[in-house]
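Structure data (mmCIF, C-alpha atoms and all ligand atoms) from model.cif:
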data_model
#
loop_
_atom_site.group_PDB
_atom_site.id
_atom_site.type_symbol
_atom_site.label_atom_id
_atom_site.label_comp_id
_atom_site.auth_asym_id
_atom_site.auth_seq_id
_atom_site.Cartn_x
_atom_site.Cartn_y
_atom_site.Cartn_z
ATOM 1 C CA MET A 27 -2.446 48.716 -2.666
ATOM 2 C CA PRO A 28 -3.660 45.992 -0.253
ATOM 3 C CA SER A 29 -4.435 47.399 3.204
ATOM 4 C CA ALA A 30 -2.286 46.280 6.167
ATOM 5 C CA PRO A 31 -3.745 43.239 7.926
ATOM 6 C CA ASN A 32 -5.609 44.113 11.096
ATOM 7 C CA LEU A 33 -3.644 42.731 14.058
ATOM 8 C CA GLN A 34 -6.461 42.447 16.601
ATOM 9 C CA GLU A 35 -8.654 40.728 14.030
ATOM 10 C CA ALA A 36 -5.900 38.259 13.145
ATOM 11 C CA VAL A 37 -5.193 37.483 16.815
ATOM 12 C CA ALA A 38 -8.891 36.941 17.640
ATOM 13 C CA GLU A 39 -9.508 34.743 14.608
ATOM 14 C CA ILE A 40 -6.448 32.582 15.164
ATOM 15 C CA ALA A 41 -7.309 32.132 18.875
ATOM 16 C CA ALA A 42 -10.887 31.116 18.009
ATOM 17 C CA GLU A 43 -9.633 28.647 15.419
ATOM 18 C CA MET A 44 -7.124 27.103 17.847
ATOM 19 C CA ARG A 45 -9.752 26.659 20.553
ATOM 20 C CA ASP A 46 -11.832 24.475 18.245
ATOM 21 C CA ARG A 47 -9.022 22.129 17.249
ATOM 22 C CA PRO A 48 -9.042 18.642 18.732
ATOM 23 C CA ASP A 49 -5.303 18.007 18.108
ATOM 24 C CA ARG A 50 -3.769 19.618 21.142
ATOM 25 C CA GLY A 51 -0.775 17.436 21.971
ATOM 26 C CA ASP A 52 -0.038 16.191 25.475
ATOM 27 C CA VAL A 53 0.543 18.219 28.602
ATOM 28 C CA ALA A 54 3.966 17.639 30.249
ATOM 29 C CA THR A 55 3.668 15.158 33.102
ATOM 30 C CA TYR A 56 7.288 14.743 34.224
ATOM 31 C CA ILE A 57 6.809 17.794 36.420
ATOM 32 C CA PRO A 58 3.731 16.554 38.359
ATOM 33 C CA GLU A 59 2.394 20.044 39.034
ATOM 34 C CA LEU A 60 2.248 20.803 35.281
ATOM 35 C CA ALA A 61 0.187 17.650 34.634
ATOM 36 C CA LYS A 62 -2.751 19.360 36.380
ATOM 37 C CA ILE A 63 -3.114 22.066 33.711
ATOM 38 C CA ASP A 64 -6.198 21.996 31.477
ATOM 39 C CA PRO A 65 -4.996 21.293 27.901
ATOM 40 C CA ALA A 66 -7.865 23.354 26.486
ATOM 41 C CA ARG A 67 -6.409 26.664 27.652
ATOM 42 C CA PHE A 68 -5.248 28.935 24.865
ATOM 43 C CA GLY A 69 -3.909 32.461 25.050
ATOM 44 C CA LEU A 70 -2.303 34.783 22.521
ATOM 45 C CA CYS A 71 -0.965 38.302 22.945
ATOM 46 C CA VAL A 72 0.997 40.583 20.625
ATOM 47 C CA VAL A 73 2.633 43.861 21.585
ATOM 48 C CA ASP A 74 3.903 45.771 18.580
ATOM 49 C CA THR A 75 6.738 48.279 18.628
ATOM 50 C CA THR A 76 4.304 51.210 18.728
ATOM 51 C CA GLY A 77 2.997 49.770 22.030
ATOM 52 C CA ALA A 78 -0.317 48.545 20.585
ATOM 53 C CA VAL A 79 -1.559 45.377 22.301
ATOM 54 C CA ALA A 80 -3.744 42.692 20.718
ATOM 55 C CA ALA A 81 -4.880 39.792 22.893
ATOM 56 C CA ALA A 82 -7.323 36.893 22.780
ATOM 57 C CA GLY A 83 -8.337 33.806 24.738
ATOM 58 C CA ASP A 84 -6.656 33.176 28.104
ATOM 59 C CA ALA A 85 -4.084 35.905 27.494
ATOM 60 C CA GLU A 86 -4.346 37.234 31.048
ATOM 61 C CA GLU A 87 -3.915 33.928 32.830
ATOM 62 C CA PRO A 88 -0.480 33.228 34.326
ATOM 63 C CA PHE A 89 1.165 29.929 33.368
ATOM 64 C CA SER A 90 4.531 28.343 34.082
ATOM 65 C CA ILE A 91 7.022 29.904 31.668
ATOM 66 C CA GLN A 92 9.592 27.121 32.236
ATOM 67 C CA SER A 93 12.334 27.300 29.590
ATOM 68 C CA ILE A 94 11.222 30.694 28.301
ATOM 69 C CA SER A 95 12.935 31.996 31.461
ATOM 70 C CA LYS A 96 16.209 30.973 29.780
ATOM 71 C CA VAL A 97 15.938 34.015 27.481
ATOM 72 C CA PHE A 98 15.982 36.263 30.537
ATOM 73 C CA THR A 99 18.779 34.392 32.327
ATOM 74 C CA LEU A 100 20.891 34.454 29.153
ATOM 75 C CA THR A 101 20.341 38.213 28.838
ATOM 76 C CA LEU A 102 21.232 38.746 32.478
ATOM 77 C CA ALA A 103 24.334 36.523 32.362
ATOM 78 C CA LEU A 104 25.590 38.303 29.218
ATOM 79 C CA GLY A 105 25.149 41.573 31.087
ATOM 80 C CA MET A 106 27.242 40.225 33.959
ATOM 81 C CA SER A 107 29.986 38.365 32.045
ATOM 82 C CA GLY A 108 29.867 39.672 28.486
ATOM 83 C CA ASP A 109 31.557 37.401 25.974
ATOM 84 C CA ARG A 110 33.305 35.485 28.767
ATOM 85 C CA LEU A 111 30.004 33.615 29.084
ATOM 86 C CA TRP A 112 30.870 31.712 25.904
ATOM 87 C CA SER A 113 33.643 29.820 27.640
ATOM 88 C CA ARG A 114 30.973 28.187 29.819
ATOM 89 C CA VAL A 115 28.370 27.452 27.178
ATOM 90 C CA GLY A 116 28.336 27.185 23.373
ATOM 91 C CA ARG A 117 25.946 28.679 20.857
ATOM 92 C CA GLU A 118 25.331 25.885 18.386
ATOM 93 C CA PRO A 119 22.025 24.080 17.916
ATOM 94 C CA SER A 120 22.068 20.714 19.649
ATOM 95 C CA GLY A 121 19.805 18.663 17.400
ATOM 96 C CA SER A 122 18.895 16.714 20.527
ATOM 97 C CA ALA A 123 16.231 16.778 23.215
ATOM 98 C CA PHE A 124 16.075 19.618 25.743
ATOM 99 C CA ASN A 125 17.215 17.343 28.573
ATOM 100 C CA SER A 126 19.830 15.329 26.664
ATOM 101 C CA ILE A 127 23.142 14.429 28.301
ATOM 102 C CA VAL A 128 24.991 12.720 25.418
ATOM 103 C CA GLN A 129 26.779 15.724 23.920
ATOM 104 C CA LEU A 130 28.217 16.749 27.269
ATOM 105 C CA GLU A 131 30.580 13.790 27.217
ATOM 106 C CA HIS A 132 32.023 14.759 23.839
ATOM 107 C CA GLU A 133 32.439 18.419 24.723
ATOM 108 C CA ARG A 134 34.065 18.156 28.146
ATOM 109 C CA GLY A 135 30.948 19.142 30.008
ATOM 110 C CA VAL A 136 30.409 22.388 28.064
ATOM 111 C CA PRO A 137 26.785 22.475 26.884
ATOM 112 C CA ARG A 138 26.025 23.250 23.248
ATOM 113 C CA ASN A 139 23.818 26.286 23.860
ATOM 114 C CA PRO A 140 22.139 28.296 26.648
ATOM 115 C CA PHE A 141 18.624 27.009 25.907
ATOM 116 C CA ILE A 142 18.979 23.263 26.399
ATOM 117 C CA ASN A 143 18.694 22.342 30.073
ATOM 118 C CA ALA A 144 22.420 21.744 30.571
ATOM 119 C CA GLY A 145 23.245 25.132 29.026
ATOM 120 C CA ALA A 146 20.647 26.966 31.060
ATOM 121 C CA ILE A 147 21.925 25.343 34.251
ATOM 122 C CA ALA A 148 25.452 26.550 33.358
ATOM 123 C CA VAL A 149 24.082 30.070 32.738
ATOM 124 C CA THR A 150 22.263 29.985 36.097
ATOM 125 C CA ASP A 151 25.557 28.990 37.727
ATOM 126 C CA VAL A 152 27.208 32.111 36.238
ATOM 127 C CA ILE A 153 24.442 34.334 37.644
ATOM 128 C CA LEU A 154 24.742 32.632 41.029
ATOM 129 C CA SER A 155 28.495 33.133 41.409
ATOM 130 C CA GLY A 156 29.289 35.562 44.211
ATOM 131 C CA HIS A 157 25.696 35.525 45.461
ATOM 132 C CA GLN A 158 23.436 33.555 47.731
ATOM 133 C CA PRO A 159 20.747 31.578 45.844
ATOM 134 C CA ARG A 160 18.060 33.880 47.196
ATOM 135 C CA GLU A 161 19.886 36.968 45.898
ATOM 136 C CA ALA A 162 20.454 35.419 42.465
ATOM 137 C CA LEU A 163 16.795 34.499 42.202
ATOM 138 C CA GLY A 164 15.806 37.977 43.338
ATOM 139 C CA GLU A 165 18.016 39.414 40.620
ATOM 140 C CA ILE A 166 16.378 37.242 37.930
ATOM 141 C CA LEU A 167 12.859 38.093 39.111
ATOM 142 C CA ARG A 168 13.695 41.809 39.290
ATOM 143 C CA PHE A 169 14.962 41.689 35.721
ATOM 144 C CA VAL A 170 11.833 39.926 34.455
ATOM 145 C CA ARG A 171 9.639 42.468 36.259
ATOM 146 C CA PHE A 172 11.710 45.320 34.837
ATOM 147 C CA VAL A 173 11.502 44.221 31.202
ATOM 148 C CA SER A 174 7.791 43.481 31.472
ATOM 149 C CA ASP A 175 7.119 46.661 33.400
ATOM 150 C CA ASP A 176 5.101 44.607 35.880
ATOM 151 C CA GLU A 177 5.891 44.243 39.572
ATOM 152 C CA SER A 178 3.168 41.638 40.116
ATOM 153 C CA ILE A 179 5.080 38.753 38.469
ATOM 154 C CA THR A 180 5.924 35.949 40.929
ATOM 155 C CA ILE A 181 7.343 32.449 41.162
ATOM 156 C CA ASP A 182 4.923 29.540 41.537
ATOM 157 C CA LYS A 183 6.479 27.794 44.536
ATOM 158 C CA ALA A 184 4.396 24.633 44.074
ATOM 159 C CA VAL A 185 5.786 24.170 40.556
ATOM 160 C CA ALA A 186 9.365 24.786 41.750
ATOM 161 C CA ALA A 187 8.950 22.289 44.613
ATOM 162 C CA SER A 188 7.373 19.757 42.265
ATOM 163 C CA GLU A 189 10.362 19.926 39.912
ATOM 164 C CA GLN A 190 12.835 19.940 42.793
ATOM 165 C CA ARG A 191 11.364 16.617 43.976
ATOM 166 C CA THR A 192 11.439 14.971 40.554
ATOM 167 C CA GLY A 193 14.223 16.713 38.594
ATOM 168 C CA PHE A 194 16.612 13.758 38.593
ATOM 169 C CA ARG A 195 17.631 14.275 34.978
ATOM 170 C CA ASN A 196 18.598 17.888 35.613
ATOM 171 C CA ALA A 197 20.506 16.784 38.718
ATOM 172 C CA ALA A 198 22.383 14.297 36.530
ATOM 173 C CA LEU A 199 23.234 17.032 33.995
ATOM 174 C CA ALA A 200 24.406 19.384 36.730
ATOM 175 C CA ASN A 201 26.533 16.761 38.474
ATOM 176 C CA TYR A 202 28.059 15.714 35.176
ATOM 177 C CA MET A 203 28.993 19.312 34.323
ATOM 178 C CA LYS A 204 30.315 19.814 37.848
ATOM 179 C CA SER A 205 32.642 16.839 37.354
ATOM 180 C CA PHE A 206 34.270 18.738 34.448
ATOM 181 C CA GLY A 207 34.499 21.952 36.487
ATOM 182 C CA VAL A 208 31.931 23.744 34.300
ATOM 183 C CA LEU A 209 29.789 24.614 37.350
ATOM 184 C CA GLN A 210 31.385 26.662 40.107
ATOM 185 C CA ASN A 211 28.734 26.636 42.824
ATOM 186 C CA PRO A 212 27.288 23.800 44.906
ATOM 187 C CA VAL A 213 25.091 21.761 42.557
ATOM 188 C CA ASP A 214 22.084 21.994 44.907
ATOM 189 C CA TYR A 215 22.274 25.779 44.929
ATOM 190 C CA THR A 216 22.490 26.066 41.145
ATOM 191 C CA LEU A 217 19.634 23.617 40.615
ATOM 192 C CA GLY A 218 17.506 25.365 43.240
ATOM 193 C CA VAL A 219 17.836 28.698 41.414
ATOM 194 C CA TYR A 220 17.249 26.995 38.043
ATOM 195 C CA PHE A 221 14.053 25.233 39.160
ATOM 196 C CA HIS A 222 12.726 28.443 40.666
ATOM 197 C CA HIS A 223 13.356 30.632 37.618
ATOM 198 C CA CYS A 224 11.681 27.982 35.435
ATOM 199 C CA ALA A 225 8.683 28.253 37.794
ATOM 200 C CA ILE A 226 8.112 31.975 37.140
ATOM 201 C CA ALA A 227 4.434 32.381 36.269
ATOM 202 C CA MET A 228 3.443 34.919 33.607
ATOM 203 C CA SER A 229 0.480 35.557 31.371
ATOM 204 C CA CYS A 230 0.803 35.914 27.601
ATOM 205 C CA ARG A 231 0.380 39.643 28.043
ATOM 206 C CA GLN A 232 3.194 39.874 30.596
ATOM 207 C CA LEU A 233 5.445 37.711 28.451
ATOM 208 C CA ALA A 234 4.788 39.680 25.273
ATOM 209 C CA MET A 235 5.599 42.857 27.228
ATOM 210 C CA ALA A 236 8.811 41.248 28.508
ATOM 211 C CA GLY A 237 9.963 40.458 24.959
ATOM 212 C CA ARG A 238 9.603 44.007 23.661
ATOM 213 C CA PHE A 239 13.273 44.882 24.070
ATOM 214 C CA LEU A 240 14.201 42.044 21.704
ATOM 215 C CA ALA A 241 11.809 43.355 19.071
ATOM 216 C CA HIS A 242 13.025 46.922 19.493
ATOM 217 C CA GLU A 243 16.833 46.853 19.118
ATOM 218 C CA GLY A 244 17.392 46.228 22.804
ATOM 219 C CA ARG A 245 15.359 49.192 24.051
ATOM 220 C CA SER A 246 12.077 49.480 25.909
ATOM 221 C CA PRO A 247 9.671 51.018 23.387
ATOM 222 C CA THR A 248 7.796 52.893 26.113
ATOM 223 C CA THR A 249 10.628 54.441 28.106
ATOM 224 C CA GLY A 250 13.301 54.291 25.401
ATOM 225 C CA LEU A 251 15.628 52.891 28.082
ATOM 226 C CA SER A 252 18.272 50.525 26.828
ATOM 227 C CA VAL A 253 18.104 46.968 28.204
ATOM 228 C CA VAL A 254 20.856 45.583 25.965
ATOM 229 C CA SER A 255 22.756 46.945 22.958
ATOM 230 C CA PRO A 256 21.167 46.514 19.500
ATOM 231 C CA GLN A 257 23.893 44.006 18.635
ATOM 232 C CA ARG A 258 23.173 41.927 21.728
ATOM 233 C CA ALA A 259 19.451 41.924 20.979
ATOM 234 C CA ARG A 260 20.200 40.655 17.457
ATOM 235 C CA ARG A 261 22.446 37.951 18.831
ATOM 236 C CA ILE A 262 19.930 36.761 21.420
ATOM 237 C CA ASN A 263 17.355 36.586 18.625
ATOM 238 C CA ALA A 264 19.821 34.563 16.545
ATOM 239 C CA ILE A 265 20.221 32.025 19.345
ATOM 240 C CA MET A 266 16.441 31.885 19.812
ATOM 241 C CA LEU A 267 16.030 31.136 16.111
ATOM 242 C CA THR A 268 18.691 28.426 15.990
ATOM 243 C CA CYS A 269 18.277 26.838 19.440
ATOM 244 C CA GLY A 270 15.002 28.049 21.007
ATOM 245 C CA HIS A 271 12.997 24.933 20.165
ATOM 246 C CA TYR A 272 15.684 22.276 20.742
ATOM 247 C CA ASP A 273 15.536 19.634 18.008
ATOM 248 C CA GLY A 274 12.386 21.330 16.726
ATOM 249 C CA SER A 275 14.260 24.590 15.981
ATOM 250 C CA GLY A 276 14.665 23.886 12.278
ATOM 251 C CA GLU A 277 10.985 23.108 11.900
ATOM 252 C CA PHE A 278 10.005 26.260 13.814
ATOM 253 C CA ALA A 279 12.268 28.435 11.642
ATOM 254 C CA TYR A 280 10.909 26.762 8.512
ATOM 255 C CA ARG A 281 7.257 27.181 9.450
ATOM 256 C CA VAL A 282 7.177 30.370 11.527
ATOM 257 C CA GLY A 283 10.316 32.194 10.401
ATOM 258 C CA LEU A 284 10.811 34.013 13.708
ATOM 259 C CA PRO A 285 13.164 33.714 16.681
ATOM 260 C CA GLY A 286 11.255 31.896 19.403
ATOM 261 C CA LYS A 287 11.689 30.234 22.771
ATOM 262 C CA SER A 288 9.406 27.513 24.042
ATOM 263 C CA GLY A 289 8.763 26.094 27.503
ATOM 264 C CA VAL A 290 7.241 22.794 28.631
ATOM 265 C CA GLY A 291 4.454 24.773 30.289
ATOM 266 C CA GLY A 292 3.182 25.257 26.715
ATOM 267 C CA GLY A 293 4.272 28.849 26.230
ATOM 268 C CA ILE A 294 6.262 30.317 23.351
ATOM 269 C CA LEU A 295 7.793 33.787 23.162
ATOM 270 C CA ALA A 296 8.412 34.796 19.545
ATOM 271 C CA ILE A 297 10.041 37.974 18.266
ATOM 272 C CA ALA A 298 9.343 39.738 14.998
ATOM 273 C CA PRO A 299 12.354 42.090 14.991
ATOM 274 C CA GLY A 300 11.378 45.710 14.444
ATOM 275 C CA LYS A 301 7.708 44.736 14.529
ATOM 276 C CA ALA A 302 6.359 42.891 17.552
ATOM 277 C CA SER A 303 6.791 40.649 20.567
ATOM 278 C CA ILE A 304 4.371 37.719 20.639
ATOM 279 C CA ALA A 305 3.415 35.277 23.407
ATOM 280 C CA VAL A 306 1.238 32.225 22.948
ATOM 281 C CA TRP A 307 0.130 29.561 25.424
ATOM 282 C CA SER A 308 -1.341 26.162 24.717
ATOM 283 C CA PRO A 309 -0.244 23.491 27.226
ATOM 284 C CA GLY A 310 -0.301 20.455 24.877
ATOM 285 C CA LEU A 311 3.176 19.618 23.557
ATOM 286 C CA ASP A 312 4.570 17.934 20.443
ATOM 287 C CA ALA A 313 7.200 15.194 20.477
ATOM 288 C CA ALA A 314 10.052 17.697 20.926
ATOM 289 C CA GLY A 315 8.374 19.242 23.995
ATOM 290 C CA ASN A 316 7.219 22.414 22.243
ATOM 291 C CA SER A 317 3.639 23.733 22.307
ATOM 292 C CA HIS A 318 1.793 22.059 19.426
ATOM 293 C CA LEU A 319 -0.976 24.591 18.846
ATOM 294 C CA GLY A 320 1.276 27.418 19.952
ATOM 295 C CA ARG A 321 3.534 26.757 16.973
ATOM 296 C CA ILE A 322 0.613 26.429 14.584
ATOM 297 C CA ALA A 323 -0.885 29.701 15.839
ATOM 298 C CA LEU A 324 2.440 31.483 15.357
ATOM 299 C CA GLU A 325 2.792 30.046 11.867
ATOM 300 C CA LYS A 326 -0.612 31.451 10.948
ATOM 301 C CA LEU A 327 0.033 34.816 12.562
ATOM 302 C CA SER A 328 3.467 35.242 11.024
ATOM 303 C CA ARG A 329 2.173 34.367 7.565
ATOM 304 C CA ARG A 330 -0.882 36.606 7.857
ATOM 305 C CA MET A 331 1.093 39.602 9.097
ATOM 306 C CA GLY A 332 4.045 39.017 6.744
ATOM 307 C CA TRP A 333 6.430 38.873 9.705
ATOM 308 C CA SER A 334 8.836 36.092 8.680
ATOM 309 C CA ILE A 335 12.406 37.370 9.013
ATOM 310 C CA PHE A 336 13.110 35.676 5.680
ATOM 311 C CA GLY A 337 11.028 38.212 3.821
HETATM 312 N N1 LIG A 401 12.206 23.173 34.051
HETATM 313 C C1 LIG A 401 12.144 22.350 32.872
HETATM 314 C C2 LIG A 401 13.202 21.274 32.917
HETATM 315 O O1 LIG A 401 14.277 21.543 33.330
HETATM 316 C C3 LIG A 401 12.310 23.216 31.676
HETATM 317 C C4 LIG A 401 12.300 22.411 30.386
HETATM 318 C C5 LIG A 401 11.572 23.099 29.262
HETATM 319 O O2 LIG A 401 10.764 23.993 29.449
HETATM 320 N N2 LIG A 401 11.794 22.619 28.073
HETATM 321 O O3 LIG A 401 12.994 20.156 32.541
#
Before anything else, please render the file you have as structure tokens.
Ligand code: GLN
Amino acid sequence: MPSAPNLQEAVAEIAAEMRDRPDRGDVATYIPELAKIDPARFGLCVVDTTGAVAAAGDAEEPFSIQSISKVFTLTLALGMSGDRLWSRVGREPSGSAFNSIVQLEHERGVPRNPFINAGAIAVTDVILSGHQPREALGEILRFVRFVSDDESITIDKAVAASEQRTGFRNAALANYMKSFGVLQNPVDYTLGVYFHHCAIAMSCRQLAMAGRFLAHEGRSPTTGLSVVSPQRARRINAIMLTCGHYDGSGEFAYRVGLPGKSGVGGGILAIAPGKASIAVWSPGLDAAGNSHLGRIALEKLSRRMGWSIFG
């Protein structure tokens, strides 16, 4: 019988291979603060469901998680509203760019899914209702700290301010949704909370820890405490698989075979259900705004460990 592949060895070898590659993609520049990041950074961390951690490269360095935060806001909003959330946002892949506005016109301002920008702004608006922006943001940060078991996680205020100054496209999306009555709070408040949760800074290790509940039927593998029901964890994974990489979601499913959520900071959180939570960071992006080497590293890791959900 072939022996099980060694996880730490696989992680170290893949990280070393990625560091030597010249094809890194381009760092996002539309958020000026993100343009300053060195494209040569690379981090990879895996936490398996027994609690074993394997890490390599810049796995301890915090980076801007950007749209990966949308996994946590979706989880939180489902906890607050349950299935009523689905009247405010759909759950179909968009097949368009993360910041696209076109589909909103056809669907009366209801975004296609919670992971494109419009959908995540609608989800943020649900979390904000009945709260001050500061409270809503505190709630999101508390949740992220809770699932990662790490009180040191913070928001990078410079990144939030940078996006607040230049986020005209998101302002357009929010105003457009507001015109259909899909947003209930003042647009500035909702956008402020959205920009700040996108600016949460986490290392690959912290992010892999945060994803454990999705790999472990909704429970924390260390404390056994339930974060969400097993069914909800499965459903969040389903949305990550179908929508987590925007119009690159099909390609990610085809190549990696795992639910995943990317961010324009170059991070990806991927879940191997029942097996592991994986975080990778490489700031250079492909044409769809997903980490170029991050995806390649996950493809190699998933294949080597036999983790594809398609068997
Ligand atoms: N904060 C970013 C934006 O709204 C998040 C986008 C992303 O990570 N894909 O544009």
Please write out the residues within 8 Å of ligand LIG 401 (chain A) as JSON, numbers by chain, counting all atoms listed in the file.
{"A": [57, 91, 92, 93, 94, 124, 125, 142, 143, 189, 193, 195, 196, 220, 221, 224, 225, 288, 289, 290, 291, 315, 316]}
(Q) Nearest residue to Ala162 (chain A) out of A:Pro137, A:Gly116, A:Gly218, A:Gly300, using all atoms listed in the file? (A)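 Under the stated criterion, the closest residue is A:Gly218.
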- Surrounding residues of region 234-241 of chain A excluding itself and chain neighbours under 3 positions, 9 Å, only C-alpha atoms, as a ChimeraX atom specification: /A:71-75,77,98,170-176,229-231,244-247,252-254,256,258-260,262-263,295-306
* Mind checking which residues fall within 10 Å of Ser155 (chain A), counting all atoms listed in the file, ignoring those fewer than 6 positions away in the same chain, and posting them as a list in words? => Ala162, Leu209, Gln210, Asn211 and Thr216 of chain A
Write out, as a JSON list (two decimals), in the frame of the given file, the residues just selected, with C-alpha atoms.
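After the write, again_17.json holds the following:
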[["chain", "number", "residue", "atom", "x", "y", "z"],
["A", 162, "ALA", "CA", 20.45, 35.42, 42.46],
["A", 209, "LEU", "CA", 29.79, 24.61, 37.35],
["A", 210, "GLN", "CA", 31.38, 26.66, 40.11],
["A", 211, "ASN", "CA", 28.73, 26.64, 42.82],
["A", 216, "THR", "CA", 22.49, 26.07, 41.14]]
To test your reading of the syntax: which residues would the PyMOL selection byres (((chain A and resi 58) around 10) and not hetatm) return for the file shown? Reply as a PDB file with C-alpha atoms, keeping the file's coordinate frame.
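Full text of selection00.pdb as output:
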ATOM      1  CA  ALA A  54       3.966  17.639  30.249  1.00  0.00           C
ATOM      2  CA  THR A  55       3.668  15.158  33.102  1.00  0.00           C
ATOM      3  CA  TYR A  56       7.288  14.743  34.224  1.00  0.00           C
ATOM      4  CA  ILE A  57       6.809  17.794  36.420  1.00  0.00           C
ATOM      5  CA  GLU A  59       2.394  20.044  39.034  1.00  0.00           C
ATOM      6  CA  LEU A  60       2.248  20.803  35.281  1.00  0.00           C
ATOM      7  CA  ALA A  61       0.187  17.650  34.634  1.00  0.00           C
ATOM      8  CA  LYS A  62      -2.751  19.360  36.380  1.00  0.00           C
ATOM      9  CA  ILE A  63      -3.114  22.066  33.711  1.00  0.00           C
ATOM     10  CA  ALA A 184       4.396  24.633  44.074  1.00  0.00           C
ATOM     11  CA  VAL A 185       5.786  24.170  40.556  1.00  0.00           C
ATOM     12  CA  ALA A 187       8.950  22.289  44.613  1.00  0.00           C
ATOM     13  CA  SER A 188       7.373  19.757  42.265  1.00  0.00           C
ATOM     14  CA  GLU A 189      10.362  19.926  39.912  1.00  0.00           C
ATOM     15  CA  ARG A 191      11.364  16.617  43.976  1.00  0.00           C
ATOM     16  CA  THR A 192      11.439  14.971  40.554  1.00  0.00           C
TER      17      THR A 192
END
Just need the box for region 49-63 of chain A, edges along x, y and z, holding every atom the file lists for it with 6 Å tacked onto each side, so centre and edge lengths in Å to one decimal, as lines of an AutoDock Vina configuration file.
center_x = 1.0
center_y = 18.4
center_z = 28.6
size_x = 24.6
size_y = 19.3
size_z = 32.9
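Taking all atoms listed in the file into account, Gly145 (chain A) lies nearest to A:Arg117 out of the set A:Arg117, A:Arg50, A:His242, A:Lys183.
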What's around region 34-49 of chain A at 9 Å? Count all atoms listed in the file, leave out sequence neighbours fewer than 6 positions away in its own chain, and write the answer as a short mmCIF file (atom, residue, chain, number, x, y, z; two decimals) with C-alpha atoms, keeping the file's coordinate frame.
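For reference, around05.cif as written:
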data_model
loop_
_atom_site.label_atom_id
_atom_site.label_comp_id
_atom_site.auth_asym_id
_atom_site.auth_seq_id
_atom_site.Cartn_x
_atom_site.Cartn_y
_atom_site.Cartn_z
CA ALA A 66 -7.86 23.35 26.49
CA ARG A 67 -6.41 26.66 27.65
CA PHE A 68 -5.25 28.94 24.86
CA GLY A 69 -3.91 32.46 25.05
CA LEU A 70 -2.30 34.78 22.52
CA CYS A 71 -0.96 38.30 22.94
CA VAL A 72 1.00 40.58 20.62
CA VAL A 79 -1.56 45.38 22.30
CA ALA A 80 -3.74 42.69 20.72
CA ALA A 81 -4.88 39.79 22.89
CA ALA A 82 -7.32 36.89 22.78
CA GLY A 83 -8.34 33.81 24.74
CA GLY A 310 -0.30 20.45 24.88
CA HIS A 318 1.79 22.06 19.43
CA LEU A 319 -0.98 24.59 18.85
CA GLY A 320 1.28 27.42 19.95
CA ILE A 322 0.61 26.43 14.58
CA ALA A 323 -0.88 29.70 15.84
CA LEU A 324 2.44 31.48 15.36
CA LYS A 326 -0.61 31.45 10.95
CA LEU A 327 0.03 34.82 12.56
CA ARG A 330 -0.88 36.61 7.86
CA MET A 331 1.09 39.60 9.10
#
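Contact shell of Gly135 (chain A) at 6 Å (only C-alpha atoms; same-chain neighbours under 5 positions omitted): Leu130, Met203 and Phe206 of chain A.
Excluding region 102-115 of chain A and any residue on its chain fewer than 6 positions from it, the residues at most 8 Å away by all atoms listed in the file are Val136, Pro137, Arg138, Asn139, Pro140, Gly145, Ala148, Val149, Thr150, Val152, Ile153, Ile166, Phe169, Val208 and Val254 of chain A.
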What does the file look like for those residues with C-alpha atoms, as an mmCIF file, in the frame of the given file?
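Wrote again02.cif, looks like this:
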data_model
loop_
_atom_site.group_PDB
_atom_site.id
_atom_site.type_symbol
_atom_site.label_atom_id
_atom_site.label_comp_id
_atom_site.auth_asym_id
_atom_site.auth_seq_id
_atom_site.Cartn_x
_atom_site.Cartn_y
_atom_site.Cartn_z
ATOM 1 C CA VAL A 136 30.409 22.388 28.064
ATOM 2 C CA PRO A 137 26.785 22.475 26.884
ATOM 3 C CA ARG A 138 26.025 23.250 23.248
ATOM 4 C CA ASN A 139 23.818 26.286 23.860
ATOM 5 C CA PRO A 140 22.139 28.296 26.648
ATOM 6 C CA GLY A 145 23.245 25.132 29.026
ATOM 7 C CA ALA A 148 25.452 26.550 33.358
ATOM 8 C CA VAL A 149 24.082 30.070 32.738
ATOM 9 C CA THR A 150 22.263 29.985 36.097
ATOM 10 C CA VAL A 152 27.208 32.111 36.238
ATOM 11 C CA ILE A 153 24.442 34.334 37.644
ATOM 12 C CA ILE A 166 16.378 37.242 37.930
ATOM 13 C CA PHE A 169 14.962 41.689 35.721
ATOM 14 C CA VAL A 208 31.931 23.744 34.300
ATOM 15 C CA VAL A 254 20.856 45.583 25.965
#
request  = Kindly indicate which residue among A:Thr249, A:Val97, A:Asp64, A:Trp333 lies nearest to Ala264 (chain A), using all atoms listed in the file for the distances.
outcome  =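 Counting all atoms listed in the file, the residue closest to Ala264 (chain A) is A:Val97.
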Point to revise | Nearest-residue call for Pro65 (chain A), choices A:Trp307, A:Glu325, A:Ala78, A:Thr99, using all atoms listed in the file | key: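 Between A:Trp307, A:Glu325, A:Ala78, A:Thr99, the residue approaching Pro65 (chain A) most closely is A:Trp307.
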Could you list, as a PDB file with C-alpha atoms, in the coordinates of the input, every residue matched by the PyMOL selection byres (((chain A and resi 88) around 6) and not hetatm) in this structure?
ATOM      1  CA  GLU A  87      -3.915  33.928  32.830  1.00  0.00           C
ATOM      2  CA  PHE A  89       1.165  29.929  33.368  1.00  0.00           C
ATOM      3  CA  ALA A 227       4.434  32.381  36.269  1.00  0.00           C
ATOM      4  CA  MET A 228       3.443  34.919  33.607  1.00  0.00           C
ATOM      5  CA  SER A 229       0.480  35.557  31.371  1.00  0.00           C
TER       6      SER A 229
END
- For Gly207 (chain A), which of A:Pro119, A:Ile181, A:Pro309, A:Asp151 is the closest residue, counting all atoms listed in the file?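 Closest residue, counting all atoms listed in the file: A:Asp151.
Taking CA of Leu311 (chain A) and CA of Gly51 (chain A) as the two end points, the separation is 4.8 Å.
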